[in-house]
>>> print(open('protein37.json').read())   # JSON, C-alpha atoms
[["chain", "number", "residue", "atom", "x", "y", "z"],
["A", 1, "MET", "CA", 10.92, -12.35, -14.00],
["A", 2, "LYS", "CA", 10.16, -9.31, -11.86],
["A", 3, "HIS", "CA", 9.49, -8.86, -8.16],
["A", 4, "PHE", "CA", 7.40, -6.12, -6.53],
["A", 5, "LEU", "CA", 9.21, -5.42, -3.27],
["A", 6, "GLN", "CA", 8.79, -1.65, -3.24],
["A", 7, "LEU", "CA", 7.03, 0.81, -5.52],
["A", 8, "ARG", "CA", 10.19, 1.98, -7.26],
["A", 9, "ASP", "CA", 10.69, -1.55, -8.62],
["A", 10, "PHE", "CA", 8.20, -0.42, -11.28],
["A", 11, "SER", "CA", 8.55, 2.43, -13.74],
["A", 12, "ARG", "CA", 5.88, 5.03, -14.39],
["A", 13, "ASP", "CA", 4.97, 3.20, -17.59],
["A", 14, "GLU", "CA", 4.50, -0.06, -15.69],
["A", 15, "ILE", "CA", 2.35, 1.59, -13.03],
["A", 16, "GLU", "CA", 0.18, 3.26, -15.66],
["A", 17, "HIS", "CA", -0.19, -0.10, -17.40],
["A", 18, "LEU", "CA", -1.36, -1.61, -14.09],
["A", 19, "PHE", "CA", -3.95, 1.15, -13.72],
["A", 20, "LYS", "CA", -5.19, 0.55, -17.25],
["A", 21, "ARG", "CA", -5.52, -3.15, -16.58],
["A", 22, "THR", "CA", -7.14, -2.50, -13.18],
["A", 23, "ARG", "CA", -9.89, -0.51, -14.88],
["A", 24, "VAL", "CA", -10.58, -3.35, -17.33],
["A", 25, "ILE", "CA", -10.45, -6.08, -14.68],
["A", 26, "LYS", "CA", -12.65, -4.12, -12.28],
["A", 27, "ASP", "CA", -15.23, -3.39, -14.99],
["A", 28, "ARG", "CA", -15.44, -7.09, -15.77],
["A", 29, "PHE", "CA", -15.83, -7.92, -12.09],
["A", 30, "LYS", "CA", -18.62, -5.35, -11.65],
["A", 31, "ASN", "CA", -20.45, -6.69, -14.70],
["A", 32, "TYR", "CA", -20.11, -10.36, -13.69],
["A", 33, "ILE", "CA", -17.94, -11.15, -16.70],
["A", 34, "ALA", "CA", -15.59, -13.99, -15.86],
["A", 35, "TYR", "CA", -11.90, -13.34, -16.52],
["A", 36, "GLN", "CA", -9.62, -16.22, -15.54],
["A", 37, "PRO", "CA", -6.20, -15.98, -17.18],
["A", 38, "LEU", "CA", -4.44, -17.56, -14.20],
["A", 39, "VAL", "CA", -6.02, -21.02, -14.35],
["A", 40, "ASP", "CA", -3.77, -23.64, -12.74],
["A", 41, "ARG", "CA", -1.58, -20.93, -11.15],
["A", 42, "MET", "CA", -0.86, -21.09, -7.41],
["A", 43, "LEU", "CA", -0.25, -18.18, -5.04],
["A", 44, "ALA", "CA", 1.49, -18.78, -1.70],
["A", 45, "MET", "CA", 0.77, -16.15, 0.96],
["A", 46, "VAL", "CA", 3.30, -16.01, 3.80],
["A", 47, "PHE", "CA", 2.13, -14.09, 6.87],
["A", 48, "GLU", "CA", 4.41, -13.01, 9.67],
["A", 49, "LYS", "CA", 2.05, -10.07, 10.26],
["A", 50, "SER", "CA", -1.67, -10.84, 10.27],
["A", 51, "SER", "CA", -4.10, -8.94, 8.06],
["A", 52, "THR", "CA", -7.74, -8.81, 6.99],
["A", 53, "ARG", "CA", -7.55, -6.81, 3.76],
["A", 54, "THR", "CA", -4.32, -8.31, 2.48],
["A", 55, "ARG", "CA", -5.43, -11.91, 2.88],
["A", 56, "VAL", "CA", -8.97, -11.43, 1.57],
["A", 57, "SER", "CA", -7.94, -9.31, -1.42],
["A", 58, "PHE", "CA", -5.15, -11.65, -2.54],
["A", 59, "GLU", "CA", -7.05, -14.88, -1.87],
["A", 60, "ALA", "CA", -10.27, -13.66, -3.51],
["A", 61, "GLY", "CA", -8.33, -12.08, -6.36],
["A", 62, "MET", "CA", -6.42, -15.22, -7.22],
["A", 63, "PHE", "CA", -9.61, -17.29, -7.13],
["A", 64, "GLN", "CA", -11.45, -14.81, -9.36],
["A", 65, "MET", "CA", -8.56, -14.94, -11.85],
["A", 66, "GLY", "CA", -8.90, -18.73, -12.04],
["A", 67, "GLY", "CA", -6.04, -19.71, -9.76],
["A", 68, "ALA", "CA", -5.73, -20.99, -6.21],
["A", 69, "SER", "CA", -3.88, -19.90, -3.08],
["A", 70, "ILE", "CA", -2.47, -21.32, 0.11],
["A", 71, "VAL", "CA", -1.81, -19.51, 3.40],
["A", 72, "LEU", "CA", 1.42, -20.06, 5.31],
["A", 73, "ASN", "CA", 1.39, -18.48, 8.75],
["A", 74, "MET", "CA", 4.86, -18.19, 10.25],
["A", 75, "GLY", "CA", 4.01, -20.39, 13.22],
["A", 76, "ASP", "CA", 2.77, -23.15, 10.92],
["A", 77, "THR", "CA", 6.01, -23.45, 8.94],
["A", 78, "GLN", "CA", 9.65, -24.25, 9.56],
["A", 79, "LEU", "CA", 10.31, -20.51, 9.36],
["A", 80, "GLY", "CA", 8.92, -20.33, 12.87],
["A", 81, "ARG", "CA", 11.42, -22.98, 13.92],
["A", 82, "GLY", "CA", 14.48, -21.27, 12.54],
["A", 83, "GLU", "CA", 14.79, -22.57, 8.97],
["A", 84, "PRO", "CA", 16.73, -20.00, 6.91],
["A", 85, "ILE", "CA", 14.51, -17.83, 4.72],
["A", 86, "GLU", "CA", 16.76, -18.62, 1.76],
["A", 87, "ASP", "CA", 16.00, -22.35, 2.09],
["A", 88, "VAL", "CA", 12.27, -21.72, 2.37],
["A", 89, "ALA", "CA", 12.41, -19.60, -0.80],
["A", 90, "ARG", "CA", 14.24, -22.31, -2.73],
["A", 91, "VAL", "CA", 11.63, -24.92, -1.79],
["A", 92, "VAL", "CA", 8.37, -22.95, -1.90],
["A", 93, "SER", "CA", 9.18, -21.30, -5.23],
["A", 94, "ARG", "CA", 9.51, -24.75, -6.83],
["A", 95, "MET", "CA", 5.92, -25.57, -5.84],
["A", 96, "VAL", "CA", 3.96, -22.37, -6.56],
["A", 97, "ASP", "CA", 3.87, -19.73, -9.28],
["A", 98, "ILE", "CA", 3.93, -16.52, -7.24],
["A", 99, "VAL", "CA", 4.50, -15.56, -3.58],
["A", 100, "MET", "CA", 3.13, -12.73, -1.44],
["A", 101, "ILE", "CA", 4.89, -12.04, 1.86],
["A", 102, "ARG", "CA", 3.68, -9.82, 4.71],
["A", 103, "THR", "CA", 6.44, -9.50, 7.26],
["A", 104, "PHE", "CA", 8.44, -7.13, 9.45],
["A", 105, "GLU", "CA", 11.88, -6.31, 8.01],
["A", 106, "GLN", "CA", 12.32, -5.45, 4.34],
["A", 107, "THR", "CA", 15.51, -7.52, 4.33],
["A", 108, "ILE", "CA", 13.46, -10.69, 4.92],
["A", 109, "ILE", "CA", 11.48, -10.27, 1.72],
["A", 110, "GLU", "CA", 14.59, -9.21, -0.20],
["A", 111, "ARG", "CA", 16.44, -12.36, 0.93],
["A", 112, "PHE", "CA", 13.45, -14.50, -0.06],
["A", 113, "ALA", "CA", 13.22, -12.87, -3.49],
["A", 114, "ALA", "CA", 16.95, -13.30, -4.11],
["A", 115, "HIS", "CA", 16.51, -17.09, -3.87],
["A", 116, "SER", "CA", 13.04, -17.41, -5.43],
["A", 117, "ARG", "CA", 12.35, -18.91, -8.86],
["A", 118, "VAL", "CA", 8.98, -17.05, -9.04],
["A", 119, "PRO", "CA", 7.80, -13.44, -8.60],
["A", 120, "VAL", "CA", 7.56, -12.15, -5.04],
["A", 121, "ILE", "CA", 5.13, -9.42, -3.91],
["A", 122, "ASN", "CA", 5.53, -7.26, -0.83],
["A", 123, "GLY", "CA", 2.22, -7.46, 1.05],
["A", 124, "LEU", "CA", 3.67, -5.12, 3.71],
["A", 125, "THR", "CA", 6.93, -4.64, 5.58],
["A", 126, "ASN", "CA", 8.01, -2.15, 8.22],
["A", 127, "GLU", "CA", 9.57, -0.06, 5.46],
["A", 128, "TYR", "CA", 7.10, -0.22, 2.55],
["A", 129, "HIS", "CA", 3.49, -0.98, 1.61],
["A", 130, "PRO", "CA", 3.46, -0.77, -2.20],
["A", 131, "CYS", "CA", 0.20, -2.67, -2.87],
["A", 132, "GLN", "CA", -1.73, -0.24, -0.67],
["A", 133, "ILE", "CA", -0.27, 2.81, -2.40],
["A", 134, "LEU", "CA", -1.15, 1.34, -5.80],
["A", 135, "ALA", "CA", -4.75, 1.01, -4.60],
["A", 136, "ASP", "CA", -4.74, 4.51, -3.12],
["A", 137, "ILE", "CA", -3.45, 6.20, -6.25],
["A", 138, "TYR", "CA", -5.75, 4.19, -8.48],
["A", 139, "THR", "CA", -8.66, 5.31, -6.29],
["A", 140, "PHE", "CA", -7.59, 8.92, -6.69],
["A", 141, "VAL", "CA", -7.35, 8.48, -10.47],
["A", 142, "GLU", "CA", -10.86, 6.98, -10.55],
["A", 143, "HIS", "CA", -12.33, 9.98, -8.74],
["A", 144, "ARG", "CA", -10.16, 12.90, -9.81],
["A", 145, "GLY", "CA", -8.06, 11.89, -12.81],
["A", 146, "SER", "CA", -4.29, 11.95, -13.03],
["A", 147, "ILE", "CA", -2.35, 12.53, -9.80],
["A", 148, "THR", "CA", 0.49, 14.21, -11.69],
["A", 149, "GLY", "CA", 0.96, 17.79, -10.49],
["A", 150, "ARG", "CA", -1.39, 17.30, -7.52],
["A", 151, "THR", "CA", -0.63, 17.67, -3.80],
["A", 152, "VAL", "CA", -0.99, 14.84, -1.29],
["A", 153, "ALA", "CA", -0.90, 15.62, 2.44],
["A", 154, "TRP", "CA", 0.36, 12.80, 4.63],
["A", 155, "ILE", "CA", -0.57, 13.43, 8.27],
["A", 156, "GLY", "CA", 1.10, 11.29, 10.92],
["A", 157, "ASP", "CA", 3.93, 8.86, 11.41],
["A", 158, "SER", "CA", 6.69, 8.57, 8.82],
["A", 159, "ASN", "CA", 5.97, 4.86, 8.46],
["A", 160, "ASN", "CA", 5.88, 2.35, 5.60],
["A", 161, "MET", "CA", 2.93, 4.13, 3.99],
["A", 162, "CYS", "CA", 4.70, 7.48, 4.14],
["A", 163, "ASN", "CA", 7.89, 6.00, 2.68],
["A", 164, "THR", "CA", 5.96, 4.50, -0.22],
["A", 165, "TRP", "CA", 4.02, 7.70, -0.87],
["A", 166, "LEU", "CA", 7.38, 9.44, -1.22],
["A", 167, "GLN", "CA", 8.49, 6.93, -3.84],
["A", 168, "ALA", "CA", 5.19, 7.45, -5.66],
["A", 169, "ALA", "CA", 5.61, 11.24, -5.67],
["A", 170, "ARG", "CA", 8.92, 10.94, -7.47],
["A", 171, "ILE", "CA", 7.75, 8.30, -9.96],
["A", 172, "LEU", "CA", 4.39, 9.91, -10.81],
["A", 173, "ASP", "CA", 5.46, 13.55, -10.38],
["A", 174, "PHE", "CA", 3.26, 14.97, -7.64],
["A", 175, "LYS", "CA", 4.00, 16.80, -4.40],
["A", 176, "LEU", "CA", 3.92, 15.12, -1.00],
["A", 177, "ASN", "CA", 3.44, 17.26, 2.12],
["A", 178, "ILE", "CA", 4.40, 15.32, 5.26],
["A", 179, "ALA", "CA", 3.35, 16.53, 8.71],
["A", 180, "SER", "CA", 4.72, 14.60, 11.68],
["A", 181, "PRO", "CA", 5.34, 15.46, 15.34],
["A", 182, "PRO", "CA", 8.89, 15.78, 16.72],
["A", 183, "GLY", "CA", 10.60, 12.43, 16.96],
["A", 184, "TYR", "CA", 8.47, 10.84, 14.23],
["A", 185, "GLU", "CA", 9.66, 12.80, 11.20],
["A", 186, "LEU", "CA", 10.80, 11.36, 7.90],
["A", 187, "GLU", "CA", 14.30, 9.90, 8.12],
["A", 188, "PRO", "CA", 16.76, 12.41, 6.64],
["A", 189, "ALA", "CA", 18.24, 9.78, 4.32],
["A", 190, "ARG", "CA", 14.85, 9.27, 2.65],
["A", 191, "ALA", "CA", 14.52, 13.01, 1.96],
["A", 192, "SER", "CA", 18.05, 13.31, 0.62],
["A", 193, "GLY", "CA", 18.07, 14.36, -3.02],
["A", 194, "VAL", "CA", 14.29, 14.84, -3.21],
["A", 195, "ASP", "CA", 13.42, 18.27, -4.61],
["A", 196, "ARG", "CA", 10.75, 20.56, -3.25],
["A", 197, "ALA", "CA", 8.50, 19.85, -6.21],
["A", 198, "HIS", "CA", 8.01, 16.38, -4.76],
["A", 199, "LEU", "CA", 8.42, 16.81, -0.98],
["A", 200, "GLU", "CA", 7.84, 19.39, 1.73],
["A", 201, "LEU", "CA", 8.06, 18.70, 5.46],
["A", 202, "PHE", "CA", 5.80, 20.34, 8.06],
["A", 203, "SER", "CA", 5.39, 20.33, 11.82],
["A", 204, "ASP", "CA", 1.88, 21.82, 11.52],
["A", 205, "PRO", "CA", -0.70, 19.43, 10.00],
["A", 206, "LEU", "CA", -3.01, 22.31, 9.04],
["A", 207, "ALA", "CA", -0.24, 23.91, 7.01],
["A", 208, "ALA", "CA", 0.50, 20.58, 5.31],
["A", 209, "SER", "CA", -3.17, 20.12, 4.40],
["A", 210, "LYS", "CA", -3.66, 23.60, 2.97],
["A", 211, "GLY", "CA", -4.61, 23.32, -0.70],
["A", 212, "ALA", "CA", -4.12, 19.55, -0.80],
["A", 213, "ASP", "CA", -5.98, 17.41, -3.33],
["A", 214, "LEU", "CA", -5.79, 14.39, -1.05],
["A", 215, "VAL", "CA", -5.41, 14.11, 2.72],
["A", 216, "THR", "CA", -4.39, 10.72, 4.01],
["A", 217, "THR", "CA", -3.26, 9.16, 7.28],
["A", 218, "ASP", "CA", -2.73, 5.89, 9.14],
["A", 219, "VAL", "CA", -2.94, 4.58, 12.68],
["A", 220, "TRP", "CA", -0.57, 6.20, 15.11],
["A", 221, "THR", "CA", 0.82, 2.86, 16.28],
["A", 222, "SER", "CA", 1.69, 0.39, 13.53],
["A", 223, "MET", "CA", 1.92, -3.35, 14.11],
["A", 224, "GLY", "CA", 5.10, -4.17, 15.99],
["A", 225, "PHE", "CA", 5.22, -0.85, 17.86],
["A", 226, "GLU", "CA", 2.48, -1.58, 20.42],
["A", 227, "ALA", "CA", 4.82, -0.89, 23.35],
["A", 228, "GLU", "CA", 4.93, 2.75, 22.23],
["A", 229, "THR", "CA", 1.13, 3.23, 22.14],
["A", 230, "ASP", "CA", 0.82, 5.62, 25.10],
["A", 231, "ASP", "CA", 3.77, 7.77, 24.02],
["A", 232, "ARG", "CA", 2.45, 7.92, 20.48],
["A", 233, "LYS", "CA", -1.05, 8.95, 21.56],
["A", 234, "SER", "CA", 0.47, 11.88, 23.41],
["A", 235, "ALA", "CA", 2.82, 12.88, 20.59],
["A", 236, "PHE", "CA", 0.15, 12.68, 17.86],
["A", 237, "ALA", "CA", -2.72, 14.30, 19.78],
["A", 238, "ALA", "CA", -2.76, 17.35, 17.49],
["A", 239, "PHE", "CA", -2.53, 15.27, 14.31],
["A", 240, "MET", "CA", -6.06, 13.92, 14.03],
["A", 241, "VAL", "CA", -7.55, 14.56, 10.59],
["A", 242, "ASP", "CA", -10.80, 16.35, 11.37],
["A", 243, "ALA", "CA", -13.25, 18.71, 9.68],
["A", 244, "GLU", "CA", -11.01, 21.73, 10.34],
["A", 245, "MET", "CA", -8.12, 20.05, 8.57],
["A", 246, "MET", "CA", -10.23, 19.00, 5.60],
["A", 247, "ALA", "CA", -11.64, 22.53, 5.36],
["A", 248, "VAL", "CA", -8.21, 24.00, 4.51],
["A", 249, "ALA", "CA", -7.64, 21.43, 1.76],
["A", 250, "ARG", "CA", -9.15, 21.95, -1.67],
["A", 251, "PRO", "CA", -12.96, 21.92, -1.70],
["A", 252, "ASP", "CA", -12.93, 18.70, -3.75],
["A", 253, "ALA", "CA", -10.16, 17.07, -1.71],
["A", 254, "LEU", "CA", -10.45, 13.37, -0.95],
["A", 255, "PHE", "CA", -9.70, 11.63, 2.34],
["A", 256, "MET", "CA", -8.04, 8.21, 2.49],
["A", 257, "HIS", "CA", -7.00, 5.76, 5.20],
["A", 258, "CYS", "CA", -5.53, 2.31, 4.59],
["A", 259, "LEU", "CA", -7.54, 0.86, 7.51],
["A", 260, "PRO", "CA", -8.14, -0.32, 10.16],
["A", 261, "ALA", "CA", -9.06, 3.13, 11.49],
["A", 262, "HIS", "CA", -9.37, 4.36, 15.06],
["A", 263, "ARG", "CA", -12.14, 6.94, 15.07],
["A", 264, "GLY", "CA", -11.29, 9.80, 17.39],
["A", 265, "GLU", "CA", -7.55, 9.20, 17.15],
["A", 266, "GLU", "CA", -5.88, 9.64, 13.74],
["A", 267, "VAL", "CA", -9.21, 10.57, 12.11],
["A", 268, "SER", "CA", -12.52, 11.93, 13.37],
["A", 269, "ALA", "CA", -15.63, 9.85, 12.74],
["A", 270, "ASP", "CA", -17.28, 12.62, 10.71],
["A", 271, "VAL", "CA", -14.35, 12.72, 8.26],
["A", 272, "LEU", "CA", -14.04, 8.93, 7.96],
["A", 273, "GLU", "CA", -17.75, 8.60, 7.26],
["A", 274, "GLY", "CA", -18.10, 11.92, 5.45],
["A", 275, "PRO", "CA", -18.64, 12.78, 1.77],
["A", 276, "GLN", "CA", -14.94, 13.37, 1.06],
["A", 277, "SER", "CA", -13.94, 9.95, 2.34],
["A", 278, "VAL", "CA", -13.23, 7.21, -0.21],
["A", 279, "VAL", "CA", -11.82, 4.68, 2.26],
["A", 280, "TRP", "CA", -14.23, 1.90, 1.31],
["A", 281, "GLU", "CA", -13.57, 2.26, -2.43],
["A", 282, "GLU", "CA", -9.86, 2.43, -1.56],
["A", 283, "ALA", "CA", -10.12, -0.85, 0.37],
["A", 284, "GLU", "CA", -12.00, -2.56, -2.47],
["A", 285, "ASN", "CA", -9.42, -1.42, -4.99],
["A", 286, "ARG", "CA", -6.77, -3.51, -3.24],
["A", 287, "LEU", "CA", -8.57, -6.47, -4.85],
["A", 288, "HIS", "CA", -8.53, -5.03, -8.35],
["A", 289, "VAL", "CA", -5.01, -3.57, -8.49],
["A", 290, "GLN", "CA", -3.56, -6.76, -7.04],
["A", 291, "LYS", "CA", -5.30, -8.83, -9.71],
["A", 292, "ALA", "CA", -3.69, -6.57, -12.32],
["A", 293, "LEU", "CA", -0.37, -6.88, -10.51],
["A", 294, "MET", "CA", -0.45, -10.69, -10.46],
["A", 295, "GLU", "CA", -1.50, -10.75, -14.11],
["A", 296, "TYR", "CA", 1.47, -8.55, -15.03],
["A", 297, "LEU", "CA", 4.02, -10.49, -12.96],
["A", 298, "LEU", "CA", 2.86, -13.84, -14.34],
["A", 299, "LEU", "CA", 1.85, -13.01, -17.91],
["A", 300, "GLY", "CA", 3.59, -9.74, -18.75],
["A", 301, "LYS", "CA", 1.75, -6.89, -20.46],
["A", 302, "VAL", "CA", -1.72, -8.04, -21.46],
["A", 303, "ASP", "CA", -3.97, -5.93, -23.69],
["A", 304, "THR", "CA", -7.41, -7.57, -23.91]]
>>> encode(input="protein37.json", output="structure tokens")
Amino acid sequence: MKHFLQLRDFSRDEIEHLFKRTRVIKDRFKNYIAYQPLVDRMLAMVFEKSSTRTRVSFEAGMFQMGGASIVLNMGDTQLGRGEPIEDVARVVSRMVDIVMIRTFEQTIIERFAAHSRVPVINGLTNEYHPCQILADIYTFVEHRGSITGRTVAWIGDSNNMCNTWLQAARILDFKLNIASPPGYELEPARASGVDRAHLELFSDPLAASKGADLVTTDVWTSMGFEAETDDRKSAFAAFMVDAEMMAVARPDALFMHCLPAHRGEEVSADVLEGPQSVVWEEAENRLHVQKALMEYLLLGKVDT
């Protein structure tokens, strides 16, 4: 049994297998060919943080694969009344086949997984967002081929997305340029031991974007940090991805955003809606990579 709590839980070979399966599963979906290997399997989705894309993509994906899902919002369970997460894991994992958790602290999902009898998927924590990065990289591969040897420019906060991109750079061998304002830089411990072939830090977002194959960003204020909104708007004012920033990237560079997006803040409307943007394909690919992920965690490597 494997869990998927952060991207580095999987090897390069496993990630490439997921991408291969994603292509097959997506092609079947687009051609209305039923594929339901997870009949009679049950997914439990535990939400401490609300979401549109995470819930729809997992719930629709499990249904399309022949299984079923249930939603457990924190306030609707004994978790909201103080029951230890370890006890919840022991009980829930006896009743379902796989669990997705979207919560705040990474330690919560790690404690759940340590006491679970079934695979656990990280749907998002403050530290990591591995399902989104799988979808992002798969989207790049669809449009531009292998990401190995390419350059990805991350513009903005050193948040869970940024942390997961850094893991991806090391696993899949590409370079990550990170541009963040003072006070919001990558934690030194995360950069420790990472060579320059995989990571370079910038204070100037234009410099970080120069020659990039992919420019990507996220909201300036992530869920749980709303009290810092005004300070963050001031600090990140020069970090909006706009036409000038995209112009210094490669001519065929793509733009991505995990959504929801705030037009006129972290990205200009003309970039989000422009020809280099693949945000809608990126959002759709959450569905397909997560179906491949659940297939792998429940059935192992499938080649059909």
>>> atom_distance(input="protein37.json", atom1="atom CA of Glu226 of chain A", atom2="atom CA of Leu5 of chain A")
24.9 Å
>>> closest_atom_pairs(input="protein37.json", of="segment 28-135 of chain A", to="segment 202-222 of chain A", cutoff="12 Å", atoms="only C-alpha atoms", output="Markdown table")
| residue | atom | partner | partner_atom | distance |
| --- | --- | --- | --- | --- |
| A:Lys49 | CA | A:Ser222 | CA | 11.0 |
| A:Phe104 | CA | A:Ser222 | CA | 10.9 |
| A:Leu124 | CA | A:Ser222 | CA | 11.4 |
| A:Thr125 | CA | A:Ser222 | CA | 10.8 |
| A:Asn126 | CA | A:Ser222 | CA | 8.6 |
| A:Glu127 | CA | A:Ser222 | CA | 11.3 |
| A:His129 | CA | A:Asp218 | CA | 11.9 |
| A:Gln132 | CA | A:Asp218 | CA | 11.6 |
| A:Ile133 | CA | A:Thr216 | CA | 11.0 |
>>> closest_atom_pairs(input="protein37.json", of="segment 50-137 of chain A", to="segment 241-264 of chain A", cutoff="12 Å", atoms="all atoms listed in the file", output="tab-separated table")
residue	atom	partner	partner_atom	distance
A:Ser51	CA	A:Pro260	CA	9.7
A:Thr52	CA	A:Pro260	CA	9.1
A:Arg53	CA	A:Leu259	CA	8.5
A:Thr54	CA	A:Cys258	CA	10.9
A:Leu124	CA	A:Cys258	CA	11.9
A:His129	CA	A:Cys258	CA	10.1
A:Pro130	CA	A:Cys258	CA	11.7
A:Cys131	CA	A:Cys258	CA	10.6
A:Gln132	CA	A:Cys258	CA	7.0
A:Ile133	CA	A:Cys258	CA	8.8
A:Leu134	CA	A:Cys258	CA	11.3
A:Ala135	CA	A:Cys258	CA	9.3
A:Asp136	CA	A:Met256	CA	7.5
A:Ile137	CA	A:Met256	CA	10.1
>>> residues_around(input="protein37.json", residues="Ile109 of chain A", least_positions_apart="3", cutoff="10 Å", atoms="all atoms listed in the file", output="list in words")
Leu5, Ile85, Glu86, Ala89, Met100, Ile101, Arg102, Thr103, Phe104, Glu105, Gln106, Phe112, Ala113, Ala114, Val120, Ile121, Asn122, Gly123, Leu124 and Thr125 of chain A
>>> axis_aligned_box(input="protein37.json", around="segment 101-118 of chain A", padding_each_side="4 Å", output="AutoDock Vina command-line options")
--center_x 10.3 --center_y -12.2 --center_z 0.2 --size_x 21.3 --size_y 21.5 --size_z 26.5
>>> closest_residue(input="protein37.json", among="A:Ile25, A:Asp157, A:Asp270, A:Glu48", to="Ala235 of chain A", atoms="only C-alpha atoms")
A:Asp157
>>> residues_around(input="protein37.json", residues="Arg8 of chain A", least_positions_apart="2", cutoff="8 Å", atoms="only C-alpha atoms", output="number ranges by chain")
A: 6, 10-11, 167-168, 171
>>> closest_atom_pairs(input="protein37.json", of="segment 83-116 of chain A", to="segment 287-303 of chain A", cutoff="10 Å", atoms="all atoms listed in the file", output="JSON lines")
{"residue": "A:Asp97", "atom": "CA", "partner": "A:Leu298", "partner_atom": "CA", "distance": 7.8}
{"residue": "A:Ile98", "atom": "CA", "partner": "A:Leu298", "partner_atom": "CA", "distance": 7.7}
{"residue": "A:Val99", "atom": "CA", "partner": "A:Met294", "partner_atom": "CA", "distance": 9.8}
{"residue": "A:Met100", "atom": "CA", "partner": "A:Met294", "partner_atom": "CA", "distance": 9.9}
>>> atom_distance(input="protein37.json", atom1="atom CA of Glu142 of chain A", atom2="atom CA of Ser69 of chain A")
28.8 Å
>>> atom_distance(input="protein37.json", atom1="atom CA of Arg117 of chain A", atom2="atom CA of Met74 of chain A")
20.5 Å
>>> closest_residue(input="protein37.json", among="A:Val152, A:Ile147, A:Ala189, A:Ala44", to="Asp173 of chain A", atoms="all atoms listed in the file")
A:Ile147
